[in-house]
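Below is the file model-v2.cif, which contains mmCIF, C-alpha atoms.
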```cif
data_final
#
loop_
_atom_site.label_atom_id
_atom_site.label_comp_id
_atom_site.auth_asym_id
_atom_site.auth_seq_id
_atom_site.Cartn_x
_atom_site.Cartn_y
_atom_site.Cartn_z
CA MET K 1 8.40 -13.67 -11.41
CA ILE K 2 7.75 -13.25 -15.13
CA PRO K 3 11.01 -12.48 -16.99
CA ILE K 4 11.21 -9.01 -18.52
CA ILE K 5 13.37 -7.74 -21.40
CA SER K 6 13.44 -4.25 -22.88
CA VAL K 7 13.66 -3.22 -26.53
CA VAL K 8 15.34 0.18 -26.54
CA GLY K 9 16.88 2.50 -29.11
CA LYS K 10 16.85 6.05 -30.35
CA SER K 11 13.74 7.47 -32.00
CA ASP K 12 12.92 6.03 -35.41
CA THR K 13 15.34 3.14 -35.14
CA GLY K 14 12.47 0.63 -35.30
CA LYS K 15 11.57 -0.51 -31.77
CA THR K 16 7.95 -1.16 -32.72
CA THR K 17 9.03 -2.79 -35.99
CA LEU K 18 11.26 -5.23 -34.11
CA LEU K 19 8.42 -6.08 -31.74
CA THR K 20 6.04 -6.76 -34.62
CA LYS K 21 8.59 -9.27 -35.98
CA LEU K 22 9.58 -10.81 -32.62
CA LEU K 23 6.06 -11.29 -31.27
CA PRO K 24 4.86 -13.69 -34.03
CA GLU K 25 8.15 -15.62 -33.71
CA LEU K 26 7.67 -16.13 -29.95
CA LYS K 27 3.95 -16.88 -30.36
CA ALA K 28 4.79 -19.53 -32.99
CA ARG K 29 7.04 -21.17 -30.38
CA GLY K 30 4.13 -21.44 -27.97
CA TYR K 31 4.84 -18.57 -25.58
CA ARG K 32 2.29 -16.23 -24.09
CA VAL K 33 3.72 -12.73 -24.35
CA ALA K 34 2.89 -9.34 -22.84
CA THR K 35 4.25 -6.01 -23.99
CA ILE K 36 4.60 -2.77 -22.06
CA LYS K 37 4.93 0.49 -23.96
CA HIS K 38 6.63 3.31 -22.09
CA ASP K 39 4.82 6.51 -22.99
CA THR K 40 6.47 9.53 -21.43
CA HIS K 41 3.99 12.05 -22.79
CA GLY K 42 0.59 10.60 -21.93
CA PHE K 43 -1.95 8.77 -24.04
CA ASP K 44 -5.68 8.87 -24.69
CA ILE K 45 -6.75 5.30 -25.11
CA ASP K 46 -10.42 5.77 -24.28
CA LYS K 47 -12.84 7.61 -26.52
CA PRO K 48 -14.67 10.74 -25.30
CA GLY K 49 -18.36 10.03 -24.85
CA LYS K 50 -17.99 6.29 -24.25
CA ASP K 51 -19.41 4.98 -20.98
CA THR K 52 -15.96 4.05 -19.63
CA TRP K 53 -14.70 7.54 -20.49
CA LYS K 54 -17.67 9.00 -18.58
CA HIS K 55 -16.79 6.83 -15.56
CA ALA K 56 -13.22 8.15 -15.54
CA GLU K 57 -14.38 11.75 -16.02
CA ALA K 58 -16.78 11.32 -13.08
CA GLY K 59 -13.88 10.30 -10.83
CA ALA K 60 -13.32 6.54 -11.10
CA ASP K 61 -9.70 5.74 -10.15
CA VAL K 62 -9.79 2.52 -12.16
CA VAL K 63 -12.08 1.79 -15.10
CA ALA K 64 -12.38 -1.71 -16.52
CA ILE K 65 -14.35 -3.00 -19.48
CA SER K 66 -14.92 -6.68 -20.06
CA SER K 67 -16.13 -8.33 -23.26
CA PRO K 68 -16.09 -11.94 -24.55
CA ALA K 69 -12.74 -11.45 -26.34
CA LYS K 70 -10.82 -9.01 -24.18
CA VAL K 71 -10.69 -7.04 -20.98
CA ALA K 72 -9.18 -3.59 -20.55
CA LEU K 73 -8.24 -1.64 -17.44
CA ILE K 74 -7.31 2.02 -17.23
CA GLU K 75 -5.90 3.14 -13.88
CA LYS K 76 -5.13 6.72 -12.84
CA VAL K 77 -1.81 6.94 -11.00
CA PRO K 78 -0.50 9.70 -8.74
CA ARG K 79 2.99 9.33 -10.25
CA GLU K 80 4.41 7.25 -13.05
CA LEU K 81 4.62 3.60 -12.06
CA THR K 82 7.97 1.85 -12.18
CA LEU K 83 8.39 -0.91 -14.73
CA ASP K 84 8.16 -3.50 -11.95
CA GLU K 85 4.90 -1.95 -10.70
CA VAL K 86 3.40 -2.19 -14.19
CA ALA K 87 4.67 -5.77 -14.51
CA GLU K 88 2.95 -6.71 -11.21
CA ARG K 89 -0.37 -5.94 -12.90
CA ILE K 90 0.26 -8.56 -15.60
CA GLN K 91 -0.39 -12.27 -15.14
CA GLY K 92 -0.59 -15.43 -17.20
CA VAL K 93 2.27 -14.81 -19.66
CA ASP K 94 5.72 -16.41 -20.10
CA ILE K 95 7.61 -13.20 -20.86
CA ILE K 96 7.10 -9.43 -20.80
CA ILE K 97 8.81 -7.34 -23.49
CA THR K 98 8.92 -3.60 -23.03
CA GLU K 99 9.18 -0.97 -25.73
CA GLY K 100 11.32 1.70 -24.10
CA TYR K 101 12.47 1.81 -20.46
CA LYS K 102 16.06 2.43 -21.48
CA ARG K 103 16.84 3.57 -17.92
CA GLY K 104 15.33 0.40 -16.44
CA ASN K 105 17.43 -2.45 -15.10
CA LYS K 106 16.18 -5.24 -17.37
CA PRO K 107 18.26 -7.04 -20.01
CA LYS K 108 18.08 -4.96 -23.16
CA ILE K 109 17.92 -5.45 -26.89
CA GLU K 110 19.08 -2.25 -28.55
CA VAL K 111 17.91 -1.48 -32.08
CA HIS K 112 20.29 0.48 -34.26
CA ARG K 113 20.18 1.89 -37.79
CA ALA K 114 23.03 3.38 -39.76
CA ALA K 115 20.73 6.11 -41.06
CA VAL K 116 20.02 7.31 -37.51
CA GLY K 117 23.67 6.90 -36.54
CA GLY K 118 25.47 7.73 -33.33
CA GLU K 119 26.69 5.57 -30.46
CA LEU K 120 24.63 2.86 -28.81
CA LEU K 121 22.51 4.00 -25.85
CA CYS K 122 23.42 0.99 -23.71
CA THR K 123 26.62 -0.36 -22.25
CA GLU K 124 27.68 -3.92 -23.04
CA GLU K 125 26.81 -4.94 -19.48
CA GLU K 126 23.15 -3.99 -20.01
CA LEU K 127 22.82 -5.60 -23.42
CA LEU K 128 21.43 -9.00 -24.28
CA ALA K 129 21.79 -8.28 -28.00
CA VAL K 130 21.84 -5.59 -30.68
CA VAL K 131 19.67 -5.59 -33.81
CA THR K 132 21.42 -3.49 -36.42
CA ASP K 133 21.89 -2.86 -40.14
CA GLU K 134 25.61 -2.16 -39.81
CA PRO K 135 28.46 -3.70 -37.78
CA VAL K 136 28.62 -2.32 -34.24
CA PRO K 137 31.66 -2.73 -31.97
CA VAL K 138 30.11 -4.63 -29.04
CA ARG K 139 30.94 -8.00 -27.53
CA VAL K 140 27.31 -9.16 -27.39
CA PRO K 141 25.36 -11.08 -30.02
CA THR K 142 24.23 -8.91 -32.94
CA PHE K 143 21.45 -9.70 -35.42
CA GLY K 144 20.34 -8.23 -38.71
CA TRP K 145 16.74 -7.10 -39.12
CA ASP K 146 15.90 -10.37 -40.90
CA GLU K 147 17.44 -12.56 -38.18
CA VAL K 148 14.58 -12.53 -35.71
CA ALA K 149 14.61 -16.33 -35.40
CA GLY K 150 18.18 -16.14 -34.08
CA LEU K 151 17.19 -13.44 -31.63
CA ALA K 152 14.29 -15.60 -30.43
CA ASP K 153 16.70 -18.53 -29.97
CA LEU K 154 18.87 -16.30 -27.77
CA ILE K 155 15.85 -15.14 -25.73
CA GLU K 156 14.78 -18.76 -25.24
CA GLU K 157 18.29 -19.78 -24.16
CA ARG K 158 19.16 -16.84 -21.94
CA ILE K 159 15.84 -15.58 -20.61
CA LEU K 160 13.16 -18.24 -20.87
CA GLY K 161 15.28 -21.30 -20.08
CA SER K 162 13.23 -24.03 -18.45
CA GLY K 163 10.25 -21.70 -18.55
CA SER K 164 9.74 -22.46 -22.23
CA PRO K 165 6.63 -24.47 -23.17
CA SER K 166 8.78 -26.92 -25.19
CA ARG K 167 11.24 -27.47 -22.34
CA ARG K 168 8.38 -27.89 -19.89
CA ARG K 169 7.00 -30.56 -22.21
CA GLU K 170 10.42 -32.27 -22.41
CA LYS K 171 10.63 -32.33 -18.65
CA GLY K 172 7.03 -33.43 -18.31
CA ILE K 173 6.28 -30.50 -15.99
CA MET C 1 -11.64 -8.69 -0.84
CA ILE C 2 -12.82 -5.39 -2.34
CA PRO C 3 -16.62 -5.05 -2.02
CA ILE C 4 -18.52 -5.08 -5.32
CA ILE C 5 -21.96 -3.70 -6.15
CA SER C 6 -23.74 -3.72 -9.50
CA VAL C 7 -25.79 -0.99 -11.13
CA VAL C 8 -28.28 -2.76 -13.38
CA GLY C 9 -31.40 -1.85 -15.32
CA LYS C 10 -33.00 -2.10 -18.71
CA SER C 11 -31.48 -0.25 -21.68
CA ASP C 12 -31.80 3.53 -21.55
CA THR C 13 -32.85 3.65 -17.91
CA GLY C 14 -29.72 5.60 -16.99
CA LYS C 15 -27.11 3.22 -15.58
CA THR C 16 -24.22 5.38 -16.79
CA THR C 17 -26.04 8.53 -15.64
CA LEU C 18 -26.39 7.13 -12.13
CA LEU C 19 -22.68 6.24 -12.06
CA THR C 20 -21.69 9.75 -13.15
CA LYS C 21 -23.67 11.11 -10.15
CA LEU C 22 -22.61 8.46 -7.63
CA LEU C 23 -18.86 8.52 -8.42
CA PRO C 24 -18.29 12.19 -7.46
CA GLU C 25 -20.36 11.65 -4.28
CA LEU C 26 -18.19 8.70 -3.20
CA LYS C 27 -14.96 10.45 -4.24
CA ALA C 28 -15.98 13.50 -2.14
CA ARG C 29 -16.29 11.15 0.84
CA GLY C 30 -12.70 10.03 0.38
CA TYR C 31 -13.16 6.65 -1.28
CA ARG C 32 -11.10 5.23 -4.09
CA VAL C 33 -13.50 3.69 -6.60
CA ALA C 34 -13.18 1.36 -9.58
CA THR C 35 -15.86 0.69 -12.17
CA ILE C 36 -16.33 -2.31 -14.42
CA LYS C 37 -18.43 -1.98 -17.55
CA HIS C 38 -19.94 -5.19 -18.88
CA ASP C 39 -19.75 -5.07 -22.64
CA THR C 40 -21.43 -8.05 -24.22
CA HIS C 41 -20.67 -7.05 -27.81
CA GLY C 42 -16.97 -6.22 -27.79
CA PHE C 43 -15.13 -2.92 -27.77
CA ASP C 44 -12.27 -1.27 -29.61
CA ILE C 45 -10.45 0.78 -27.05
CA ASP C 46 -7.12 1.00 -28.85
CA LYS C 47 -6.59 3.01 -32.00
CA PRO C 48 -5.46 1.32 -35.24
CA GLY C 49 -1.90 2.33 -36.09
CA LYS C 50 -0.81 3.10 -32.52
CA ASP C 51 2.19 1.16 -31.25
CA THR C 52 0.11 -0.72 -28.67
CA TRP C 53 -2.40 -1.67 -31.37
CA LYS C 54 0.52 -2.98 -33.47
CA HIS C 55 1.73 -5.07 -30.52
CA ALA C 56 -1.72 -6.67 -30.15
CA GLU C 57 -2.03 -7.25 -33.90
CA ALA C 58 1.41 -8.93 -33.88
CA GLY C 59 0.23 -11.39 -31.24
CA ALA C 60 0.76 -9.91 -27.77
CA ASP C 61 -1.64 -11.55 -25.32
CA VAL C 62 -1.46 -8.55 -22.99
CA VAL C 63 -0.56 -5.00 -23.99
CA ALA C 64 0.16 -2.36 -21.38
CA ILE C 65 0.96 1.31 -21.75
CA SER C 66 2.33 3.39 -18.90
CA SER C 67 2.49 7.18 -18.70
CA PRO C 68 3.00 9.65 -15.82
CA ALA C 69 -0.77 10.00 -15.22
CA LYS C 70 -2.21 6.60 -16.04
CA VAL C 71 -1.56 3.03 -17.00
CA ALA C 72 -3.71 0.89 -19.26
CA LEU C 73 -3.77 -2.86 -19.87
CA ILE C 74 -5.59 -4.70 -22.63
CA GLU C 75 -5.71 -8.48 -22.25
CA LYS C 76 -6.99 -10.97 -24.82
CA VAL C 77 -9.10 -13.67 -23.17
CA PRO C 78 -10.08 -17.10 -24.52
CA ARG C 79 -13.59 -16.70 -23.03
CA GLU C 80 -15.36 -13.90 -21.23
CA LEU C 81 -14.00 -13.47 -17.72
CA THR C 82 -16.38 -13.72 -14.77
CA LEU C 83 -16.98 -10.57 -12.77
CA ASP C 84 -14.81 -11.97 -9.97
CA GLU C 85 -11.99 -12.65 -12.44
CA VAL C 86 -12.11 -9.05 -13.67
CA ALA C 87 -12.22 -7.80 -10.06
CA GLU C 88 -9.07 -9.82 -9.24
CA ARG C 89 -7.19 -7.63 -11.70
CA ILE C 90 -8.08 -4.48 -9.74
CA GLN C 91 -6.20 -3.29 -6.68
CA GLY C 92 -5.94 -0.22 -4.47
CA VAL C 93 -9.61 0.82 -4.33
CA ASP C 94 -12.24 0.76 -1.56
CA ILE C 95 -15.15 -0.37 -3.74
CA ILE C 96 -15.87 -1.68 -7.22
CA ILE C 97 -19.11 -0.63 -8.94
CA THR C 98 -20.16 -2.47 -12.04
CA GLU C 99 -22.34 -1.17 -14.84
CA GLY C 100 -24.26 -4.24 -15.89
CA TYR C 101 -23.73 -7.82 -14.68
CA LYS C 102 -27.42 -8.26 -13.91
CA ARG C 103 -26.88 -12.03 -13.77
CA GLY C 104 -24.00 -11.67 -11.31
CA ASN C 105 -24.33 -12.43 -7.60
CA LYS C 106 -23.41 -9.01 -6.20
CA PRO C 107 -25.76 -6.64 -4.33
CA LYS C 108 -27.59 -4.62 -6.96
CA ILE C 109 -28.90 -1.12 -7.44
CA GLU C 110 -31.57 -1.21 -10.11
CA VAL C 111 -32.32 1.93 -12.09
CA HIS C 112 -35.88 2.38 -13.28
CA ARG C 113 -37.71 4.97 -15.36
CA ALA C 114 -41.45 5.27 -15.88
CA ALA C 115 -40.88 6.09 -19.56
CA VAL C 116 -39.15 2.73 -20.11
CA GLY C 117 -41.69 0.92 -17.94
CA GLY C 118 -42.12 -2.75 -17.17
CA GLU C 119 -41.26 -4.80 -14.12
CA LEU C 120 -37.96 -4.61 -12.26
CA LEU C 121 -35.26 -6.99 -13.50
CA CYS C 122 -34.19 -8.01 -9.99
CA THR C 123 -35.87 -9.74 -7.09
CA GLU C 124 -35.98 -8.01 -3.70
CA GLU C 125 -33.43 -10.49 -2.38
CA GLU C 126 -30.84 -9.27 -4.91
CA LEU C 127 -31.53 -5.59 -4.40
CA LEU C 128 -29.68 -3.14 -2.22
CA ALA C 129 -31.79 -0.25 -3.55
CA VAL C 130 -33.79 1.07 -6.48
CA VAL C 131 -33.29 4.46 -8.13
CA THR C 132 -36.53 5.42 -9.81
CA ASP C 133 -38.70 8.28 -11.01
CA GLU C 134 -41.95 6.61 -9.94
CA PRO C 135 -43.03 4.55 -6.93
CA VAL C 136 -42.08 0.87 -7.25
CA PRO C 137 -43.57 -1.88 -5.07
CA VAL C 138 -40.42 -3.23 -3.41
CA ARG C 139 -39.44 -3.53 0.25
CA VAL C 140 -35.94 -2.13 -0.27
CA PRO C 141 -34.82 1.50 -0.04
CA THR C 142 -35.77 3.58 -3.08
CA PHE C 143 -34.22 6.87 -4.14
CA GLY C 144 -35.11 9.55 -6.66
CA TRP C 145 -32.58 10.56 -9.28
CA ASP C 146 -31.59 13.62 -7.20
CA GLU C 147 -31.10 11.58 -4.01
CA VAL C 148 -27.62 10.28 -4.69
CA ALA C 149 -26.36 11.43 -1.26
CA GLY C 150 -28.89 9.12 0.40
CA LEU C 151 -27.83 6.25 -1.84
CA ALA C 152 -24.19 6.91 -0.94
CA ASP C 153 -25.13 6.87 2.78
CA LEU C 154 -26.73 3.44 2.27
CA ILE C 155 -23.65 2.14 0.42
CA GLU C 156 -21.41 3.40 3.23
CA GLU C 157 -23.62 1.78 5.87
CA ARG C 158 -24.32 -1.55 4.18
CA ILE C 159 -21.32 -2.17 1.95
CA LEU C 160 -18.31 -0.13 3.05
CA GLY C 161 -18.83 -0.32 6.83
CA SER C 162 -15.56 -0.08 8.72
CA GLY C 163 -13.78 0.01 5.38
CA SER C 164 -14.68 3.67 4.96
CA PRO C 165 -11.85 6.23 5.19
CA SER C 166 -13.85 8.29 7.72
CA ARG C 167 -14.55 5.30 9.97
CA ARG C 168 -10.94 4.19 9.69
CA ARG C 169 -9.97 7.67 10.86
CA GLU C 170 -12.46 7.49 13.77
CA LYS C 171 -11.01 4.16 14.83
CA GLY C 172 -7.46 5.39 14.34
CA ILE C 173 -6.68 2.48 12.01
#
```
Written as structure tokens, that's how I'd like the structure from this file.
Amino acid sequence: MIPIISVVGKSDTGKTTLLTKLLPELKARGYRVATIKHDTHGFDIDKPGKDTWKHAEAGADVVAISSPAKVALIEKVPRELTLDEVAERIQGVDIIITEGYKRGNKPKIEVHRAAVGGELLCTEEELLAVVTDEPVPVRVPTFGWDEVAGLADLIEERILGSGSPSRRREKGI
Amino acid sequence: MIPIISVVGKSDTGKTTLLTKLLPELKARGYRVATIKHDTHGFDIDKPGKDTWKHAEAGADVVAISSPAKVALIEKVPRELTLDEVAERIQGVDIIITEGYKRGNKPKIEVHRAAVGGELLCTEEELLAVVTDEPVPVRVPTFGWDEVAGLADLIEERILGSGSPSRRREKGI
């Protein structure tokens, strides 16, 4: 099972921004990382007129495209997949980080900004950490927006554990 | 193992066109179908500026996006995956039809047009059928461009066999 954590927060608190800081930090430490974006509205990732778009329009349930540098799959689903069902479709990574899925049951990092205000979305029990620009009254580790290295340390310690490339090397696995 | 067939042919002979005729025919017969497009040049399926694009730019090896109607995955690969490796990433369909992969080892349907001319790309041994607008000297079934129902019959008989929804119903499986 690939470990999964969720970056959650209210709109415009910076979920994507945190991911764009955290991903290079984890990559620099040797991890292979997948992300899952929860899109509640629907997306159009394929371009009208492209061959793959024509396949989907003509009825293909799954459309894949493979090139020397990447492969993409688009799958029609009869209902929204659960986070675990999406995760089952991912292989070959050390950790999966979701953007969204605040109602999921994975350890969460909540992002918070004073300018957006309000209470945290998550209870302490759900939280691995909070990334915030003001003090928040929770008994979990909190990090400023420039403390991504500390957050990555926590993820290594609490989530990746012996799964980390460096620890595997130490153990000679 | 999900059966795989390949639609191959020279440029501009109508590989995508055949797929857009064959897919509705197979869907009408109750099959779930996946397609794989072989793109030798590289594709840009995600849109610059989108959150998923930002995840990939920031280093994510796999980016997924899940919505109520569909889920998409984009995976960076260190070398081009083989057809079988792409197929391993697909589940829940009765048949996979590729567009391209003329050098692959799957049964092939070659599309041919008089206006493009020349010899067939495939040997008889590789061919399941030819779709053509002029007579071609091969000892495999040939179909005109308006004979997609006959081609689908052949695919059911030779490739899908007892895997077909209708036959499963007959057998009470």
Practice task
For the file shown, report as a VMD selection string the outcome of the PyMOL selection byres ((chain C) within 7 of (chain K)) at residue level.
Solution key: chain C and resid 16 19 to 20 23 to 24 27 32 to 42 45 to 46 51 to 52 54 to 55 58 to 80
Problem - Point-to-point distance from CA of Val130 (chain C) to CA of Leu160 (chain C), Å rounded to tenths - result: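 Here the two named atoms are 18.2 Å from each other.
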Handout entry: Test item: the PyMOL selection byres ((chain C and resi 103) around 10) resolved as a count of residues only
Key = 10
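Distance check against Thr123 (chain C) using all atoms listed in the file: of C:Gly14, C:Val140, C:Arg158, C:Pro135, the minimum falls on C:Val140.
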Practice task
Enter the distance from CA of Pro107 (chain K) to CA of Ile4 (chain K), in Å, rounded to one decimal.
Solution key: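 Spanning CA of Pro107 (chain K) to CA of Ile4 (chain K) is a straight-line distance of 7.5 Å.
Distance-wise, CA of Thr142 (chain C) and CA of Glu124 (chain C) end up 11.6 Å apart.
The environment of region 143-155 of chain C within 6 Å, counting all atoms listed in the file and disregarding residues fewer than 2 places along the same chain, consists of Val131, Thr132, Asp133, Glu157, Arg158 and Ile159 of chain C.
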Please complete region 16-35 of chain C with N, CA, C and O atoms and give it back as a tab-separated table (two decimals), keeping the file's coordinate frame.
```tsv
chain	number	residue	atom	x	y	z
C	16	THR	N	-25.42	4.54	-16.73
C	16	THR	CA	-24.22	5.38	-16.79
C	16	THR	C	-24.48	6.72	-16.09
C	16	THR	O	-23.63	7.23	-15.37
C	17	THR	N	-25.68	7.26	-16.29
C	17	THR	CA	-26.04	8.53	-15.64
C	17	THR	C	-25.94	8.41	-14.12
C	17	THR	O	-25.39	9.29	-13.45
C	18	LEU	N	-26.47	7.31	-13.58
C	18	LEU	CA	-26.39	7.13	-12.13
C	18	LEU	C	-24.92	7.08	-11.69
C	18	LEU	O	-24.53	7.72	-10.70
C	19	LEU	N	-24.10	6.34	-12.43
C	19	LEU	CA	-22.68	6.24	-12.06
C	19	LEU	C	-22.00	7.61	-12.09
C	19	LEU	O	-21.19	7.92	-11.21
C	20	THR	N	-22.34	8.43	-13.06
C	20	THR	CA	-21.69	9.75	-13.15
C	20	THR	C	-22.14	10.68	-12.02
C	20	THR	O	-21.49	11.69	-11.77
C	21	LYS	N	-23.25	10.34	-11.34
C	21	LYS	CA	-23.67	11.11	-10.15
C	21	LYS	C	-23.06	10.49	-8.88
C	21	LYS	O	-22.66	11.20	-7.94
C	22	LEU	N	-23.04	9.16	-8.84
C	22	LEU	CA	-22.61	8.46	-7.63
C	22	LEU	C	-21.09	8.54	-7.44
C	22	LEU	O	-20.59	8.66	-6.30
C	23	LEU	N	-20.33	8.50	-8.53
C	23	LEU	CA	-18.86	8.52	-8.42
C	23	LEU	C	-18.35	9.79	-7.73
C	23	LEU	O	-17.57	9.70	-6.78
C	24	PRO	N	-18.79	10.99	-8.15
C	24	PRO	CA	-18.29	12.19	-7.46
C	24	PRO	C	-18.69	12.21	-5.98
C	24	PRO	O	-17.94	12.69	-5.14
C	25	GLU	N	-19.89	11.68	-5.67
C	25	GLU	CA	-20.36	11.65	-4.28
C	25	GLU	C	-19.43	10.76	-3.44
C	25	GLU	O	-19.02	11.14	-2.33
C	26	LEU	N	-19.08	9.60	-3.95
C	26	LEU	CA	-18.19	8.70	-3.20
C	26	LEU	C	-16.76	9.25	-3.13
C	26	LEU	O	-16.08	9.13	-2.11
C	27	LYS	N	-16.30	9.84	-4.23
C	27	LYS	CA	-14.96	10.45	-4.24
C	27	LYS	C	-14.88	11.57	-3.20
C	27	LYS	O	-13.89	11.69	-2.49
C	28	ALA	N	-15.97	12.39	-3.09
C	28	ALA	CA	-15.98	13.50	-2.14
C	28	ALA	C	-15.91	12.99	-0.70
C	28	ALA	O	-15.46	13.70	0.20
C	29	ARG	N	-16.35	11.74	-0.50
C	29	ARG	CA	-16.29	11.15	0.84
C	29	ARG	C	-14.95	10.44	1.09
C	29	ARG	O	-14.78	9.78	2.12
C	30	GLY	N	-14.06	10.53	0.15
C	30	GLY	CA	-12.70	10.03	0.38
C	30	GLY	C	-12.43	8.61	-0.09
C	30	GLY	O	-11.37	8.06	0.19
C	31	TYR	N	-13.37	8.02	-0.82
C	31	TYR	CA	-13.16	6.65	-1.28
C	31	TYR	C	-12.42	6.60	-2.61
C	31	TYR	O	-12.58	7.49	-3.44
C	32	ARG	N	-11.65	5.54	-2.77
C	32	ARG	CA	-11.10	5.23	-4.09
C	32	ARG	C	-12.03	4.20	-4.74
C	32	ARG	O	-12.40	3.21	-4.11
C	33	VAL	N	-12.43	4.47	-5.96
C	33	VAL	CA	-13.50	3.69	-6.60
C	33	VAL	C	-13.05	3.17	-7.96
C	33	VAL	O	-12.42	3.89	-8.73
C	34	ALA	N	-13.37	1.92	-8.23
C	34	ALA	CA	-13.18	1.36	-9.58
C	34	ALA	C	-14.55	1.05	-10.17
C	34	ALA	O	-15.50	0.77	-9.45
C	35	THR	N	-14.64	1.13	-11.49
C	35	THR	CA	-15.86	0.69	-12.17
C	35	THR	C	-15.51	-0.42	-13.16
C	35	THR	O	-14.38	-0.48	-13.66
```
